[in-house]
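The file entry.txt comes next; it holds compact mmCIF, C-alpha atoms.
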# COMPACT_ATOMS: atom_id res chain seq x y z
CA MET A 12 60.55 15.83 -20.36
CA LYS A 13 61.09 12.63 -18.43
CA TYR A 14 63.63 10.28 -19.97
CA MET A 15 62.17 7.00 -18.84
CA THR A 16 59.42 5.46 -16.75
CA VAL A 17 60.77 3.41 -13.84
CA PHE A 18 58.36 1.07 -12.04
CA ILE A 19 59.31 0.60 -8.38
CA ILE A 20 58.41 -2.65 -6.63
CA PRO A 21 58.48 -2.31 -2.81
CA PHE A 22 60.23 -4.40 -0.19
CA ALA A 23 58.46 -6.83 2.18
CA GLY A 24 55.95 -4.83 4.19
CA GLY A 25 56.37 -1.79 1.96
CA SER A 26 54.03 -0.08 -0.47
CA SER A 27 53.91 2.75 -2.98
CA PHE A 28 53.72 5.12 0.00
CA SER A 29 57.26 4.08 0.97
CA PHE A 30 58.61 5.86 -2.11
CA LYS A 31 56.25 8.82 -2.41
CA GLN A 32 58.96 11.35 -1.48
CA TRP A 33 60.73 10.69 -4.79
CA ILE A 34 57.78 11.07 -7.13
CA GLY A 35 58.32 13.96 -9.52
CA LYS A 36 61.76 14.77 -8.10
CA SER A 37 63.84 13.62 -11.08
CA ASP A 38 64.27 15.39 -14.41
CA PHE A 39 65.41 12.13 -15.97
CA PHE A 40 63.09 9.43 -14.61
CA ASN A 41 59.37 9.14 -14.06
CA PHE A 42 59.12 6.95 -10.96
CA VAL A 43 55.93 4.88 -10.75
CA PRO A 44 55.72 2.96 -7.44
CA LEU A 45 53.50 -0.11 -7.64
CA ASP A 46 51.42 -1.76 -4.94
CA LEU A 47 51.00 -5.44 -4.26
CA PRO A 48 47.46 -6.70 -3.56
CA GLY A 49 46.28 -5.60 -0.13
CA LYS A 50 48.96 -2.90 0.24
CA GLY A 51 49.08 0.88 -0.04
CA ARG A 52 46.42 2.20 -2.39
CA ARG A 53 45.05 -1.34 -2.71
CA ASN A 54 44.68 -2.01 1.02
CA LYS A 55 41.04 -3.06 0.68
CA GLU A 56 41.98 -6.01 -1.54
CA PRO A 57 42.95 -9.44 -0.19
CA LEU A 58 46.66 -10.00 0.29
CA ALA A 59 48.46 -12.08 -2.32
CA ALA A 60 48.78 -15.78 -1.60
CA SER A 61 51.88 -16.66 -3.65
CA MET A 62 54.83 -15.29 -5.57
CA SER A 63 53.28 -16.36 -8.88
CA GLU A 64 50.15 -14.32 -8.08
CA ILE A 65 52.32 -11.28 -7.35
CA ILE A 66 54.36 -11.68 -10.55
CA ASN A 67 51.24 -11.85 -12.71
CA ASP A 68 49.74 -8.88 -10.89
CA ILE A 69 52.86 -6.73 -11.39
CA ILE A 70 53.07 -7.60 -15.09
CA ARG A 71 49.43 -6.61 -15.50
CA GLN A 72 50.02 -3.27 -13.75
CA ILE A 73 53.06 -2.54 -15.91
CA ASN A 74 51.30 -3.44 -19.16
CA ASP A 75 48.22 -1.39 -18.25
CA TYR A 76 50.33 1.69 -17.48
CA LEU A 77 52.44 1.33 -20.63
CA ASN A 78 49.40 0.90 -22.87
CA GLN A 79 47.42 3.73 -21.27
CA ASN A 80 50.34 6.14 -21.61
CA ASN A 81 51.66 4.91 -24.97
CA ILE A 82 55.09 4.07 -23.55
CA GLU A 83 57.41 1.68 -25.39
CA THR A 84 60.53 1.44 -23.21
CA TYR A 85 60.78 1.42 -19.44
CA ALA A 86 62.70 0.11 -16.44
CA ILE A 87 61.99 -1.80 -13.23
CA TRP A 88 63.50 -1.17 -9.80
CA GLY A 89 62.94 -3.57 -6.94
CA HIS A 90 64.33 -3.46 -3.41
CA SER A 91 64.84 -6.62 -1.32
CA MET A 92 61.67 -8.73 -1.82
CA GLY A 93 60.79 -6.23 -4.55
CA GLY A 94 64.03 -7.12 -6.29
CA ARG A 95 63.19 -10.80 -6.22
CA ILE A 96 59.83 -9.98 -7.76
CA ALA A 97 61.48 -7.70 -10.34
CA TYR A 98 63.87 -10.49 -11.37
CA GLU A 99 61.01 -12.93 -11.97
CA VAL A 100 58.95 -10.26 -13.76
CA ALA A 101 61.88 -9.46 -16.06
CA LEU A 102 62.23 -13.14 -17.00
CA CYS A 103 58.52 -13.31 -17.83
CA ILE A 104 58.63 -10.08 -19.87
CA ILE A 105 61.50 -11.44 -21.95
CA GLN A 106 59.90 -14.89 -22.37
CA LYS A 107 56.56 -13.42 -23.45
CA ASN A 108 58.23 -10.86 -25.71
CA LEU A 109 56.38 -7.95 -24.12
CA LYS A 110 57.32 -4.29 -24.52
CA LYS A 111 61.03 -3.58 -24.34
CA LEU A 112 62.52 -3.56 -20.83
CA GLU A 113 65.47 -1.17 -20.97
CA PHE A 114 67.11 -1.88 -17.64
CA ILE A 115 66.48 -3.38 -14.22
CA VAL A 116 67.76 -2.18 -10.84
CA LEU A 117 68.01 -4.73 -8.04
CA SER A 118 68.85 -3.16 -4.70
CA GLY A 119 69.45 -5.12 -1.51
CA THR A 120 68.40 -8.25 -3.38
CA PRO A 121 70.16 -11.62 -3.02
CA ALA A 122 71.06 -13.56 -6.16
CA PRO A 123 68.90 -16.59 -7.04
CA THR A 124 71.60 -18.91 -5.70
CA TYR A 125 70.81 -17.66 -2.19
CA ASP A 126 68.13 -19.82 -0.56
CA ASN A 127 66.94 -18.83 2.92
CA ARG A 128 63.53 -20.52 2.83
CA ALA A 129 64.24 -22.85 5.76
CA MET A 130 65.48 -19.98 7.92
CA LEU A 131 62.46 -17.81 7.11
CA SER A 132 60.07 -20.69 7.84
CA GLU A 133 61.60 -21.07 11.29
CA ILE A 134 61.56 -17.32 11.99
CA ILE A 135 57.93 -16.70 11.04
CA SER A 136 56.78 -19.61 13.19
CA ASP A 137 57.91 -17.77 16.34
CA GLU A 138 56.63 -14.21 16.91
CA LYS A 139 59.62 -13.15 19.04
CA LEU A 140 62.12 -14.44 16.47
CA PHE A 141 60.21 -12.67 13.74
CA ILE A 142 60.12 -9.36 15.64
CA ASP A 143 63.86 -9.57 16.36
CA TYR A 144 64.51 -10.37 12.70
CA LEU A 145 62.55 -7.32 11.51
CA ASP A 146 64.29 -5.10 14.05
CA SER A 147 67.69 -6.24 12.75
CA PHE A 148 67.07 -4.39 9.48
CA GLY A 149 67.14 -1.10 11.35
CA MET A 150 64.05 0.46 9.78
CA ILE A 151 60.89 -1.30 10.94
CA ASN A 152 60.18 -1.01 14.67
CA ALA A 153 58.45 -4.35 14.99
CA LYS A 154 57.66 -3.80 18.68
CA TYR A 155 55.17 -1.15 17.58
CA ILE A 156 53.56 -2.96 14.68
CA ILE A 157 52.44 -5.84 16.91
CA ARG A 158 50.12 -3.43 18.73
CA PRO A 159 46.40 -4.07 18.07
CA GLU A 160 45.98 -0.83 16.10
CA PHE A 161 48.68 -1.94 13.68
CA LYS A 162 47.47 -5.52 13.32
CA ARG A 163 46.78 -5.15 9.58
CA ILE A 164 50.31 -3.88 8.94
CA PHE A 165 51.83 -6.74 10.93
CA THR A 166 49.65 -9.26 9.09
CA ALA A 167 50.75 -7.85 5.72
CA VAL A 168 54.45 -8.01 6.66
CA LEU A 169 54.08 -11.56 7.96
CA ASN A 170 52.26 -12.54 4.77
CA ASP A 171 55.15 -11.25 2.65
CA TYR A 172 57.63 -13.34 4.60
CA LYS A 173 55.41 -16.40 4.34
CA ILE A 174 55.47 -15.98 0.57
CA LEU A 175 59.26 -15.60 0.64
CA SER A 176 59.59 -18.74 2.79
CA GLU A 177 57.78 -20.69 0.03
CA TYR A 178 59.44 -18.99 -2.94
CA LYS A 179 62.08 -20.87 -4.91
CA ALA A 180 63.91 -18.51 -7.23
CA SER A 181 64.14 -19.19 -10.93
CA ARG A 182 67.62 -19.63 -12.35
CA GLY A 183 66.94 -17.97 -15.70
CA ILE A 184 69.23 -15.45 -17.37
CA ILE A 185 68.00 -11.93 -18.06
CA ARG A 186 68.98 -11.50 -21.71
CA GLY A 187 69.45 -8.24 -23.57
CA VAL A 188 68.61 -6.04 -20.58
CA LYS A 189 71.06 -3.80 -18.73
CA GLY A 190 71.26 -4.57 -15.02
CA VAL A 191 72.31 -2.50 -12.02
CA ILE A 192 73.00 -4.34 -8.76
CA VAL A 193 72.94 -1.97 -5.80
CA TYR A 194 73.88 -2.91 -2.24
CA GLY A 195 74.81 -1.46 1.15
CA GLU A 196 78.41 -2.00 2.21
CA SER A 197 77.27 -2.93 5.75
CA ASP A 198 74.28 -5.04 4.69
CA ASP A 199 74.82 -8.40 6.35
CA SER A 200 71.27 -9.66 5.76
CA PHE A 201 72.45 -12.28 3.28
CA GLU A 202 75.53 -14.48 3.45
CA MET A 203 76.42 -14.25 -0.22
CA ASP A 204 78.69 -12.58 -2.74
CA TRP A 205 76.82 -9.82 -4.61
CA MET A 206 78.92 -10.67 -7.69
CA GLU A 207 76.85 -13.87 -7.99
CA TRP A 208 74.41 -11.75 -9.99
CA LYS A 209 76.81 -11.88 -12.97
CA LYS A 210 75.57 -15.41 -13.63
CA TYR A 211 72.04 -14.17 -14.30
CA PHE A 212 72.61 -11.47 -16.92
CA SER A 213 73.73 -11.88 -20.52
CA ILE A 214 75.14 -8.34 -20.30
CA ASN A 215 77.53 -7.80 -17.41
CA PRO A 216 75.59 -5.79 -14.80
CA LEU A 217 76.92 -2.69 -13.12
CA PHE A 218 77.57 -3.00 -9.38
CA LEU A 219 77.08 0.03 -7.15
CA ARG A 220 77.90 0.07 -3.43
CA TYR A 221 76.77 2.68 -0.92
CA PRO A 222 77.21 3.20 2.83
CA GLY A 223 74.60 1.64 5.07
CA LYS A 224 72.78 -1.55 5.94
CA HIS A 225 69.80 -3.17 4.26
CA PHE A 226 67.71 -0.03 3.95
CA PHE A 227 70.62 2.12 2.74
CA ILE A 228 68.41 2.98 -0.24
CA PHE A 229 66.50 5.61 1.75
CA GLU A 230 69.65 7.61 2.39
CA ALA A 231 71.37 6.92 -0.91
CA PHE A 232 68.43 7.16 -3.31
CA PRO A 233 69.32 10.56 -4.86
CA GLU A 234 72.94 9.46 -5.36
CA ILE A 235 71.88 6.12 -6.85
CA VAL A 236 69.58 7.92 -9.29
CA GLU A 237 72.38 10.23 -10.41
CA ASP A 238 74.79 7.30 -10.85
CA ILE A 239 72.28 5.36 -12.96
CA LYS A 240 71.48 8.49 -14.97
CA TYR A 241 75.21 8.96 -15.69
CA MET A 242 75.57 5.30 -16.65
CA LEU A 243 72.72 5.47 -19.15
CA LYS A 244 73.96 8.69 -20.71
CA GLN A 245 77.41 7.13 -21.18
CA LYS A 246 75.82 4.33 -23.18
CA GLU A 247 73.83 6.60 -25.50

For this file, write the structure as structure tokens.
Amino acid sequence: MKYMTVFIIPFAGGSSFSFKQWIGKSDFFNFVPLDLPGKGRRNKEPLAASMSEIINDIIRQINDYLNQNNIETYAIWGHSMGGRIAYEVALCIIQKNLKKLEFIVLSGTPAPTYDNRAMLSEIISDEKLFIDYLDSFGMINAKYIIRPEFKRIFTAVLNDYKILSEYKASRGIIRGVKGVIVYGESDDSFEMDWMEWKKYFSINPLFLRYPGKHFFIFEAFPEIVEDIKYMLKQKE
């Protein structure tokens, strides 16, 4: 039997398909990757226009799944942009007193004190700068996604970064929820101290570091899962 349902919120440009290789692979977690409007299994829908629209959409998806499957406790895992969404979603869940959120995993996600809106606005205004920026993450080959046949993918990625360039993070504290902050030891995407996340949890979060850059998660995922599994069992 699965121990807990974990909703996965994808990174900028990602979708539920980005995490399909992990579905059904854990004896401890039931991973449920979500899609943003216009992405993955929802690619026929219009793309989201704002962070607030995305937050409300994710909360609706989570509530629908929990109610349909009679689930009371669960977790959220967001990577990069997905982590920023997960943070805001967690604050809303707590504020609205919705079903109990057991823990939240934020991987490759800068703390709310980090504000790169001006930089992102400049980058997305110049196609070459934007392509070079995407290439720097070492996973997306932006030179290919600008081809005409991939125009929809490029548009979706650009739309995500437009939303991020307009998004001002909340500064609320996630209360009563265990947090796991996961980062790559060579991830230089954000000029910040990962320990800044301590300011935004009422319970001291666990920090886990793994080899790799921003998309370290795709190499380290099985190890991260085992480490989180061990952590939760220690607290039982």

Query - For range 67-72 of chain A: contacts at 12 Å, all atoms listed in the file, fewer than 5 positions along chain excluded, given as a VMD selection string - result: chain A and resid 18 to 21 43 to 49 58 to 62 77 to 79 87 89 93 96 to 105 107 109 to 110 112

Report task. To one decimal in Å, tell me the separation between CA of Ile164 in chain A and CA of Ala122 in chain A. Result -> 27.4 Å

**Report entry** Nearest candidate to Lys55 in chain A (options A:Ala167, A:Val236, A:Ala23, A:Ile192; using all atoms listed in the file)
**Finding:**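 Counting all atoms listed in the file, the residue closest to Lys55 in chain A is A:Ala167.
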
Report task. Select all residues near (68.6, -13.7, 2.5) (cut-off 6 Å, inclusive, file coordinates), counting all atoms listed in the file, and output them as a PyMOL selection string. Result -> chain A and resi 127+200-201

Query raised in the report: How many Å separate CA of Glu138 in chain A from CA of Lys224 in chain A?
Result: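 Value for the CA of Glu138 in chain A-CA of Lys224 in chain A distance: 23.3 Å.
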
Requested in this report: May I have the residues within 10 Å of Pro121 in chain A as a PyMOL selection string, using all atoms listed in the file and disregarding those fewer than 5 positions away in the same chain?
Outcome: chain A and resi 91-92+94-95+126-127+192+194+200-208

Query raised in the report: What gap, in Å, lies between CA of Lys240 in chain A and CA of Pro222 in chain A?
Result: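 Here the two named atoms are 19.4 Å from each other.
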
Report task. May I ask which of the residues A:Asn54, A:Thr120, A:Asn108, A:Thr166 is the closest one to Trp88 in chain A, counting only C-alpha atoms? Result -> A:Thr120

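Taking all atoms listed in the file, the non-local environment of Glu234 in chain A within 12 Å (same-chain residues fewer than 6 positions away omitted) comprises Ser37, Val193, Leu219, Arg220, Tyr221, Pro222, Phe227, Ile228, Lys240 and Tyr241 of chain A.
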
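Shortest atom-to-atom contact with Ile66 in chain A among A:Tyr14, A:Ser26, A:Tyr178, A:Gly51: A:Tyr178, counting all atoms listed in the file.
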
Query raised in the report: Which one of A:Ile174, A:Ile65, A:Ile239, A:Ile184 sits closest to Pro123 in chain A if you count all atoms listed in the file?
Result: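 Closest residue, counting all atoms listed in the file: A:Ile184.
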
Query - Spatial sel., origin (60.4, 12.6, -10.9), limit 12 Å, all atoms listed in the file, listed as a PyMOL selection string - result: chain A and resi 12-18+30-44+233+236

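Every protein or nucleic acid residue with an atom no more than 9 Å from Ile135 in chain A, counting only C-alpha atoms and leaving out same-chain residues fewer than 3 positions away, appears here: A:Met130, A:Leu131, A:Ser132, A:Glu138, A:Lys139, A:Leu140, A:Phe141, A:Ile142, A:Leu169, A:Tyr172, A:Lys173, A:Ser176.
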
Report task. Between A:Val191, A:Ile235, A:Ala129, A:Leu145, single out the one closest to Glu177 in chain A, counting all atoms listed in the file. Result ->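 When distances to Glu177 in chain A are compared using all atoms listed in the file, the smallest one comes from A:Ala129.
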
Requested in this report: Would you mind telling me which residue in A:Asp171, A:Glu196, A:Thr124, A:Leu117 lies nearest to Pro216 in chain A when using all atoms listed in the file?
Outcome: A:Leu117

Using all atoms of range 49-63 of chain A listed in the file and a margin of 8 Å per side, can you give the axis-aligned box centre and edge lengths in Å to one decimal, as AutoDock Vina command-line options?
--center_x 47.9 --center_y -7.2 --center_z -3.9 --size_x 29.8 --size_y 34.9 --size_z 25.9
